[in-house]
$ cat coords.pdb   # PDB, C-alpha atoms, pLDDT in the B column
ATOM      1  CA  MET A   1     113.126  97.207 129.431  1.00 53.00           C
ATOM      2  CA  SER A   2     109.936  95.227 128.737  1.00 69.00           C
ATOM      3  CA  GLY A   3     107.852  98.276 129.708  1.00 78.00           C
ATOM      4  CA  ILE A   4     109.159 100.262 126.768  1.00 79.00           C
ATOM      5  CA  PHE A   5     108.420  97.362 124.405  1.00 78.00           C
ATOM      6  CA  GLY A   6     104.877  97.264 125.773  1.00 85.00           C
ATOM      7  CA  LEU A   7     104.514 100.951 124.973  1.00 88.00           C
ATOM      8  CA  PHE A   8     105.936 100.377 121.483  1.00 86.00           C
ATOM      9  CA  ASN A   9     103.407  97.577 120.964  1.00 87.00           C
ATOM     10  CA  ILE A  10     100.491  99.773 122.024  1.00 90.00           C
ATOM     11  CA  ILE A  11     101.588 102.490 119.605  1.00 90.00           C
ATOM     12  CA  ALA A  12     102.099  99.871 116.886  1.00 89.00           C
ATOM     13  CA  LEU A  13      98.553  98.592 117.376  1.00 91.00           C
ATOM     14  CA  PHE A  14      97.252 102.099 116.760  1.00 92.00           C
ATOM     15  CA  TYR A  15      99.335 102.272 113.585  1.00 91.00           C
ATOM     16  CA  VAL A  16      98.031  98.886 112.431  1.00 92.00           C
ATOM     17  CA  PHE A  17      94.465 100.107 112.974  1.00 94.00           C
ATOM     18  CA  LYS A  18      95.208 103.209 110.886  1.00 95.00           C
ATOM     19  CA  GLY A  19      96.849 101.063 108.194  1.00 94.00           C
ATOM     20  CA  VAL A  20      93.742  98.907 107.908  1.00 95.00           C
ATOM     21  CA  GLN A  21      91.593 102.049 107.618  1.00 96.00           C
ATOM     22  CA  VAL A  22      93.802 103.415 104.838  1.00 96.00           C
ATOM     23  CA  ALA A  23      93.794 100.072 102.981  1.00 95.00           C
ATOM     24  CA  ILE A  24      89.987  99.919 103.147  1.00 96.00           C
ATOM     25  CA  LYS A  25      89.706 103.484 101.850  1.00 96.00           C
ATOM     26  CA  ILE A  26      92.075 102.726  98.973  1.00 96.00           C
ATOM     27  CA  GLY A  27      90.129  99.568  98.147  1.00 96.00           C
ATOM     28  CA  ARG A  28      86.828 101.440  98.058  1.00 96.00           C
ATOM     29  CA  GLU A  29      88.175 104.320  95.982  1.00 94.00           C
ATOM     30  CA  TRP A  30      90.605 102.377  93.773  1.00 95.00           C
ATOM     31  CA  THR A  31      88.993 103.260  90.436  1.00 94.00           C
ATOM     32  CA  SER A  32      88.803 106.996  91.107  1.00 92.00           C
ATOM     33  CA  LEU A  33      92.294 107.066  92.634  1.00 92.00           C
ATOM     34  CA  ARG A  34      93.811 105.728  89.421  1.00 92.00           C
ATOM     35  CA  GLN A  35      92.221 108.415  87.248  1.00 93.00           C
ATOM     36  CA  GLU A  36      93.812 111.756  86.396  1.00 93.00           C
ATOM     37  CA  PRO A  37      94.361 114.330  87.769  1.00 95.00           C
ATOM     38  CA  LEU A  38      96.564 113.780  90.802  1.00 93.00           C
ATOM     39  CA  THR A  39      94.784 115.920  93.368  1.00 94.00           C
ATOM     40  CA  PRO A  40      96.180 117.038  96.722  1.00 96.00           C
ATOM     41  CA  THR A  41      93.748 114.611  98.402  1.00 95.00           C
ATOM     42  CA  LYS A  42      95.046 111.669  96.336  1.00 95.00           C
ATOM     43  CA  LYS A  43      98.635 112.701  97.037  1.00 95.00           C
ATOM     44  CA  GLN A  44      97.936 112.842 100.771  1.00 95.00           C
ATOM     45  CA  LEU A  45      96.324 109.398 100.678  1.00 95.00           C
ATOM     46  CA  ALA A  46      99.372 107.997  98.853  1.00 93.00           C
ATOM     47  CA  GLU A  47     101.694 109.493 101.464  1.00 94.00           C
ATOM     48  CA  THR A  48      99.550 108.103 104.270  1.00 95.00           C
ATOM     49  CA  ALA A  49      99.567 104.663 102.630  1.00 93.00           C
ATOM     50  CA  ALA A  50     103.333 104.841 102.224  1.00 90.00           C
ATOM     51  CA  PHE A  51     103.677 105.197 105.972  1.00 90.00           C
ATOM     52  CA  PHE A  52     100.924 103.016 107.395  1.00 93.00           C
ATOM     53  CA  ILE A  53     101.031 100.213 104.805  1.00 93.00           C
ATOM     54  CA  ALA A  54     104.615 100.150 103.508  1.00 93.00           C
ATOM     55  CA  VAL A  55     106.546 100.648 106.752  1.00 93.00           C
ATOM     56  CA  PRO A  56     105.673  97.312 108.458  1.00 93.00           C
ATOM     57  CA  PRO A  57     107.123  95.098 105.680  1.00 94.00           C
ATOM     58  CA  ALA A  58     110.066  97.500 105.375  1.00 95.00           C
ATOM     59  CA  VAL A  59     110.845  97.072 109.088  1.00 95.00           C
ATOM     60  CA  ALA A  60     110.588  93.276 108.779  1.00 96.00           C
ATOM     61  CA  LEU A  61     112.969  93.247 105.806  1.00 97.00           C
ATOM     62  CA  HIS A  62     115.355  95.640 107.573  1.00 97.00           C
ATOM     63  CA  GLU A  63     115.612  93.318 110.586  1.00 97.00           C
ATOM     64  CA  PHE A  64     115.837  90.223 108.368  1.00 98.00           C
ATOM     65  CA  PHE A  65     118.854  91.708 106.581  1.00 98.00           C
ATOM     66  CA  HIS A  66     120.585  92.218 109.960  1.00 98.00           C
ATOM     67  CA  ALA A  67     119.899  88.543 110.740  1.00 98.00           C
ATOM     68  CA  LEU A  68     121.017  87.412 107.283  1.00 98.00           C
ATOM     69  CA  ALA A  69     124.345  89.214 107.645  1.00 98.00           C
ATOM     70  CA  THR A  70     124.789  87.682 111.111  1.00 98.00           C
ATOM     71  CA  TRP A  71     124.195  84.177 109.744  1.00 98.00           C
ATOM     72  CA  MET A  72     126.557  84.902 106.844  1.00 97.00           C
ATOM     73  CA  PHE A  73     129.385  85.383 109.347  1.00 97.00           C
ATOM     74  CA  GLY A  74     128.513  82.287 111.375  1.00 97.00           C
ATOM     75  CA  GLY A  75     126.685  84.124 114.146  1.00 98.00           C
ATOM     76  CA  LYS A  76     123.365  83.336 115.778  1.00 98.00           C
ATOM     77  CA  ILE A  77     120.318  85.410 116.554  1.00 98.00           C
ATOM     78  CA  VAL A  78     119.542  84.895 120.242  1.00 97.00           C
ATOM     79  CA  ASP A  79     116.601  87.286 120.435  1.00 95.00           C
ATOM     80  CA  PHE A  80     114.445  89.271 118.069  1.00 94.00           C
ATOM     81  CA  GLY A  81     111.323  91.364 118.159  1.00 91.00           C
ATOM     82  CA  TYR A  82     108.958  92.761 115.590  1.00 92.00           C
ATOM     83  CA  GLY A  83     106.109  95.150 116.275  1.00 90.00           C
ATOM     84  CA  PHE A  84     105.088  96.303 112.771  1.00 88.00           C
ATOM     85  CA  PHE A  85     106.740  99.710 113.116  1.00 88.00           C
ATOM     86  CA  TRP A  86     109.727  98.708 115.214  1.00 90.00           C
ATOM     87  CA  GLY A  87     111.999  95.718 115.512  1.00 94.00           C
ATOM     88  CA  TYR A  88     115.319  94.429 116.717  1.00 94.00           C
ATOM     89  CA  VAL A  89     117.657  91.459 116.436  1.00 96.00           C
ATOM     90  CA  VAL A  90     120.314  90.441 118.948  1.00 96.00           C
ATOM     91  CA  PRO A  91     123.239  88.765 117.202  1.00 97.00           C
ATOM     92  CA  VAL A  92     125.883  86.734 118.988  1.00 97.00           C
ATOM     93  CA  GLY A  93     129.151  85.642 117.483  1.00 96.00           C
ATOM     94  CA  ASP A  94     132.851  86.320 117.269  1.00 96.00           C
ATOM     95  CA  PHE A  95     132.718  89.147 114.722  1.00 97.00           C
ATOM     96  CA  SER A  96     135.531  91.370 113.547  1.00 97.00           C
ATOM     97  CA  ALA A  97     135.014  95.136 113.505  1.00 97.00           C
ATOM     98  CA  ALA A  98     134.370  94.987 109.746  1.00 97.00           C
ATOM     99  CA  GLN A  99     131.798  92.233 110.193  1.00 97.00           C
ATOM    100  CA  ASN A 100     130.027  94.202 112.937  1.00 97.00           C
ATOM    101  CA  TRP A 101     129.946  97.184 110.604  1.00 97.00           C
ATOM    102  CA  PHE A 102     128.501  95.065 107.793  1.00 98.00           C
ATOM    103  CA  ILE A 103     125.841  93.572 110.103  1.00 97.00           C
ATOM    104  CA  ALA A 104     124.816  97.083 111.147  1.00 97.00           C
ATOM    105  CA  LEU A 105     124.818  98.286 107.528  1.00 97.00           C
ATOM    106  CA  ALA A 106     122.793  95.296 106.325  1.00 98.00           C
ATOM    107  CA  GLY A 107     119.567  96.694 107.818  1.00 97.00           C
ATOM    108  CA  THR A 108     119.921  99.847 105.750  1.00 97.00           C
ATOM    109  CA  VAL A 109     120.612  97.747 102.661  1.00 97.00           C
ATOM    110  CA  GLY A 110     117.376  95.861 103.356  1.00 97.00           C
ATOM    111  CA  SER A 111     115.450  99.113 103.686  1.00 95.00           C
ATOM    112  CA  LEU A 112     116.930 100.479 100.460  1.00 95.00           C
ATOM    113  CA  THR A 113     116.162  97.218  98.660  1.00 95.00           C
ATOM    114  CA  PHE A 114     112.542  97.467  99.765  1.00 95.00           C
ATOM    115  CA  GLY A 115     112.370 101.101  98.657  1.00 92.00           C
ATOM    116  CA  VAL A 116     113.737 100.287  95.207  1.00 95.00           C
ATOM    117  CA  GLY A 117     111.297  97.399  94.930  1.00 93.00           C
ATOM    118  CA  ILE A 118     108.361  99.638  95.742  1.00 87.00           C
TER
END
$ encode --input "coords.pdb" --output "C-alpha coordinates"
Amino acid sequence: MSGIFGLFNIIALFYVFKGVQVAIKIGREWTSLRQEPLTPTKKQLAETAAFFIAVPPAVALHEFFHALATWMFGGKIVDFGYGFFWGYVVPVGDFSAAQNWFIALAGTVGSLTFGVGI
(Lines of atoms letter the chains of each structure in order from A and count residues from 1; the text may use other names and numbers.)
(Lines give C-alpha, C1' and ligand atoms only; values in the text may rest on other atoms or scores of the structure.)
Protein backbone atom coordinates (compact mmCIF):
# COMPACT_ATOMS: atom_id res chain seq x y z
CA MET A 1 0.00 0.00 0.00
CA SER A 2 2.88 2.40 0.70
CA GLY A 3 3.97 2.14 -2.95
CA ILE A 4 0.78 3.79 -4.14
CA PHE A 5 1.20 6.59 -1.59
CA GLY A 6 4.74 7.12 -2.88
CA LEU A 7 3.35 7.48 -6.39
CA PHE A 8 0.69 9.90 -5.14
CA ASN A 9 3.42 11.95 -3.44
CA ILE A 10 5.50 12.13 -6.61
CA ILE A 11 2.49 13.33 -8.59
CA ALA A 12 1.64 15.80 -5.82
CA LEU A 13 5.15 17.25 -5.97
CA PHE A 14 4.67 17.92 -9.67
CA TYR A 15 1.38 19.65 -8.88
CA VAL A 16 3.02 21.74 -6.15
CA PHE A 17 5.71 22.81 -8.63
CA LYS A 18 3.00 23.84 -11.11
CA GLY A 19 1.11 25.68 -8.36
CA VAL A 20 4.19 27.72 -7.49
CA GLN A 21 4.67 28.57 -11.18
CA VAL A 22 1.06 29.73 -11.48
CA ALA A 23 1.30 31.80 -8.27
CA ILE A 24 4.47 33.51 -9.54
CA LYS A 25 2.81 34.28 -12.88
CA ILE A 26 -0.24 35.74 -11.14
CA GLY A 27 2.00 37.82 -8.88
CA ARG A 28 3.94 39.22 -11.83
CA GLU A 29 0.84 39.98 -13.89
CA TRP A 30 -1.52 41.00 -11.06
CA THR A 31 -2.20 44.54 -12.29
CA SER A 32 -3.01 43.54 -15.86
CA LEU A 33 -5.05 40.53 -14.73
CA ARG A 34 -7.39 42.77 -12.74
CA GLN A 35 -8.13 45.05 -15.70
CA GLU A 36 -10.98 44.57 -18.16
CA PRO A 37 -11.63 42.76 -20.43
CA LEU A 38 -11.69 39.15 -19.28
CA THR A 39 -9.74 37.49 -22.07
CA PRO A 40 -9.58 33.76 -22.78
CA THR A 41 -5.97 33.80 -21.52
CA LYS A 42 -7.01 35.37 -18.19
CA LYS A 43 -9.88 32.90 -17.87
CA GLN A 44 -7.52 29.98 -18.47
CA LEU A 45 -5.09 31.31 -15.86
CA ALA A 46 -7.93 31.62 -13.34
CA GLU A 47 -9.01 28.04 -14.02
CA THR A 48 -5.43 26.82 -13.68
CA ALA A 49 -5.06 28.71 -10.39
CA ALA A 50 -8.32 27.23 -9.14
CA PHE A 51 -6.87 23.77 -9.56
CA PHE A 52 -3.21 24.15 -8.63
CA ILE A 53 -3.61 26.73 -5.84
CA ALA A 54 -7.08 26.15 -4.39
CA VAL A 55 -7.19 22.34 -4.32
CA PRO A 56 -4.49 21.74 -1.65
CA PRO A 57 -6.25 23.76 1.10
CA ALA A 58 -9.58 22.28 -0.03
CA VAL A 59 -8.21 18.75 0.44
CA ALA A 60 -6.85 19.66 3.89
CA LEU A 61 -10.21 21.10 4.96
CA HIS A 62 -12.06 18.09 3.52
CA GLU A 63 -9.97 15.68 5.60
CA PHE A 64 -10.17 17.92 8.68
CA PHE A 65 -13.98 17.81 8.52
CA HIS A 66 -13.86 13.99 8.49
CA ALA A 67 -11.65 14.14 11.60
CA LEU A 68 -13.86 16.76 13.26
CA ALA A 69 -16.96 14.60 12.79
CA THR A 70 -15.06 11.59 14.18
CA TRP A 71 -14.05 13.54 17.29
CA MET A 72 -17.62 14.83 17.65
CA PHE A 73 -18.80 11.23 18.11
CA GLY A 74 -16.03 10.32 20.54
CA GLY A 75 -13.84 8.54 18.01
CA LYS A 76 -10.11 8.83 17.42
CA ILE A 77 -8.02 9.33 14.33
CA VAL A 78 -5.39 6.58 14.31
CA ASP A 79 -3.78 7.49 11.00
CA PHE A 80 -3.93 10.30 8.50
CA GLY A 81 -2.12 11.44 5.40
CA TYR A 82 -2.00 14.61 3.38
CA GLY A 83 -0.21 15.05 0.07
CA PHE A 84 -1.54 18.42 -1.17
CA PHE A 85 -3.86 16.86 -3.75
CA TRP A 86 -4.86 13.75 -1.84
CA GLY A 87 -5.48 12.81 1.76
CA TYR A 88 -7.08 10.35 4.11
CA VAL A 89 -8.05 9.88 7.74
CA VAL A 90 -8.57 6.57 9.52
CA PRO A 91 -11.19 6.91 12.26
CA VAL A 92 -11.70 4.37 15.01
CA GLY A 93 -14.67 4.26 17.32
CA ASP A 94 -17.96 2.58 18.06
CA PHE A 95 -20.10 4.46 15.54
CA SER A 96 -23.69 3.83 14.58
CA ALA A 97 -24.61 3.59 10.89
CA ALA A 98 -25.90 7.18 11.01
CA GLN A 99 -22.68 8.41 12.59
CA ASN A 100 -20.59 6.61 9.96
CA TRP A 101 -22.72 8.26 7.29
CA PHE A 102 -22.22 11.68 8.89
CA ILE A 103 -18.44 11.16 9.16
CA ALA A 104 -18.33 10.26 5.46
CA LEU A 105 -20.54 13.23 4.56
CA ALA A 106 -18.48 15.66 6.65
CA GLY A 107 -15.66 15.72 4.08
CA THR A 108 -18.06 16.91 1.40
CA VAL A 109 -19.41 19.54 3.78
CA GLY A 110 -15.84 20.75 4.30
CA SER A 111 -15.27 20.94 0.56
CA LEU A 112 -18.52 22.84 0.02
CA THR A 113 -17.67 25.22 2.86
CA PHE A 114 -14.32 25.96 1.23
CA GLY A 115 -15.99 26.50 -2.14
CA VAL A 116 -18.51 28.95 -0.68
CA GLY A 117 -15.70 30.76 1.11
CA ILE A 118 -13.74 31.15 -2.09
$ closest_residue --input "coords.pdb" --among "A:Phe80, A:Phe114, A:Phe52, A:Phe64" --to "Gln21 (chain A)" --atoms "all atoms listed in the file"
A:Phe52
$ atom_distance --input "coords.pdb" --atom1 "CA of Ala67 (chain A)" --atom2 "CA of Asp94 (chain A)"
14.7 Å
$ closest_residue --input "coords.pdb" --among "A:Ala58, A:Val78, A:Leu45, A:Val16" --to "Glu29 (chain A)" --atoms "all atoms listed in the file"
A:Leu45
$ residues_near_point --input "coords.pdb" --point "(98.2, 104.8, 102.8)" --cutoff "10 Å" --atoms "all atoms listed in the file" --output "list in words"
Lys18, Gly19, Val20, Gln21, Val22, Ala23, Ile24, Lys25, Ile26, Lys42, Lys43, Gln44, Leu45, Ala46, Glu47, Thr48, Ala49, Ala50, Phe51, Phe52, Ile53 and Ala54 of chain A
$ write_last_selection --input "coords.pdb" --atoms "C-alpha atoms" --output "short mmCIF file (atom, residue, chain, number, x, y, z; two decimals), in the frame of the given file"
data_model
loop_
_atom_site.label_atom_id
_atom_site.label_comp_id
_atom_site.auth_asym_id
_atom_site.auth_seq_id
_atom_site.Cartn_x
_atom_site.Cartn_y
_atom_site.Cartn_z
CA LYS A 18 95.21 103.21 110.89
CA GLY A 19 96.85 101.06 108.19
CA VAL A 20 93.74 98.91 107.91
CA GLN A 21 91.59 102.05 107.62
CA VAL A 22 93.80 103.42 104.84
CA ALA A 23 93.79 100.07 102.98
CA ILE A 24 89.99 99.92 103.15
CA LYS A 25 89.71 103.48 101.85
CA ILE A 26 92.08 102.73 98.97
CA LYS A 42 95.05 111.67 96.34
CA LYS A 43 98.64 112.70 97.04
CA GLN A 44 97.94 112.84 100.77
CA LEU A 45 96.32 109.40 100.68
CA ALA A 46 99.37 108.00 98.85
CA GLU A 47 101.69 109.49 101.46
CA THR A 48 99.55 108.10 104.27
CA ALA A 49 99.57 104.66 102.63
CA ALA A 50 103.33 104.84 102.22
CA PHE A 51 103.68 105.20 105.97
CA PHE A 52 100.92 103.02 107.40
CA ILE A 53 101.03 100.21 104.80
CA ALA A 54 104.62 100.15 103.51
#
$ axis_aligned_box --input "coords.pdb" --around "region 34-46 of chain A" --padding-each-side "6 Å" --output "AutoDock Vina command-line options"
--center_x 95.8 --center_y 111.4 --center_z 93.6 --size_x 19.2 --size_y 23.3 --size_z 26.4
$ residues_around --input "coords.pdb" --residues "Phe84 (chain A)" --least-positions-apart "2" --cutoff "12 Å" --atoms "all atoms listed in the file" --output "list of chain:residue names"
A:Phe8, A:Asn9, A:Ile10, A:Ile11, A:Ala12, A:Leu13, A:Phe14, A:Tyr15, A:Val16, A:Phe17, A:Gly19, A:Phe51, A:Phe52, A:Ile53, A:Ala54, A:Val55, A:Pro56, A:Pro57, A:Ala58, A:Val59, A:Ala60, A:Leu61, A:His62, A:Glu63, A:Gly81, A:Tyr82, A:Trp86, A:Gly87, A:Tyr88
$ closest_residue --input "coords.pdb" --among "A:Thr41, A:Gly74, A:Ile4, A:Gly27" --to "Gln99 (chain A)" --atoms "only C-alpha atoms"
A:Gly74
$ resolve_selection --input "coords.pdb" --expression "the PyMOL selection byres ((chain A and resi 77) around 9)" --output "PyMOL selection string"
chain A and resi 67+70-71+75-76+78-80+89-93
$ atom_distance --input "coords.pdb" --atom1 "CA of Gly107 (chain A)" --atom2 "CA of Phe5 (chain A)"
20.0 Å
$ atom_distance --input "coords.pdb" --atom1 "CA of Ala98 (chain A)" --atom2 "CA of His66 (chain A)"
14.1 Å
$ closest_residue --input "coords.pdb" --among "A:Met72, A:Thr39, A:Arg34, A:Phe85" --to "Asn100 (chain A)" --atoms "only C-alpha atoms"
A:Met72
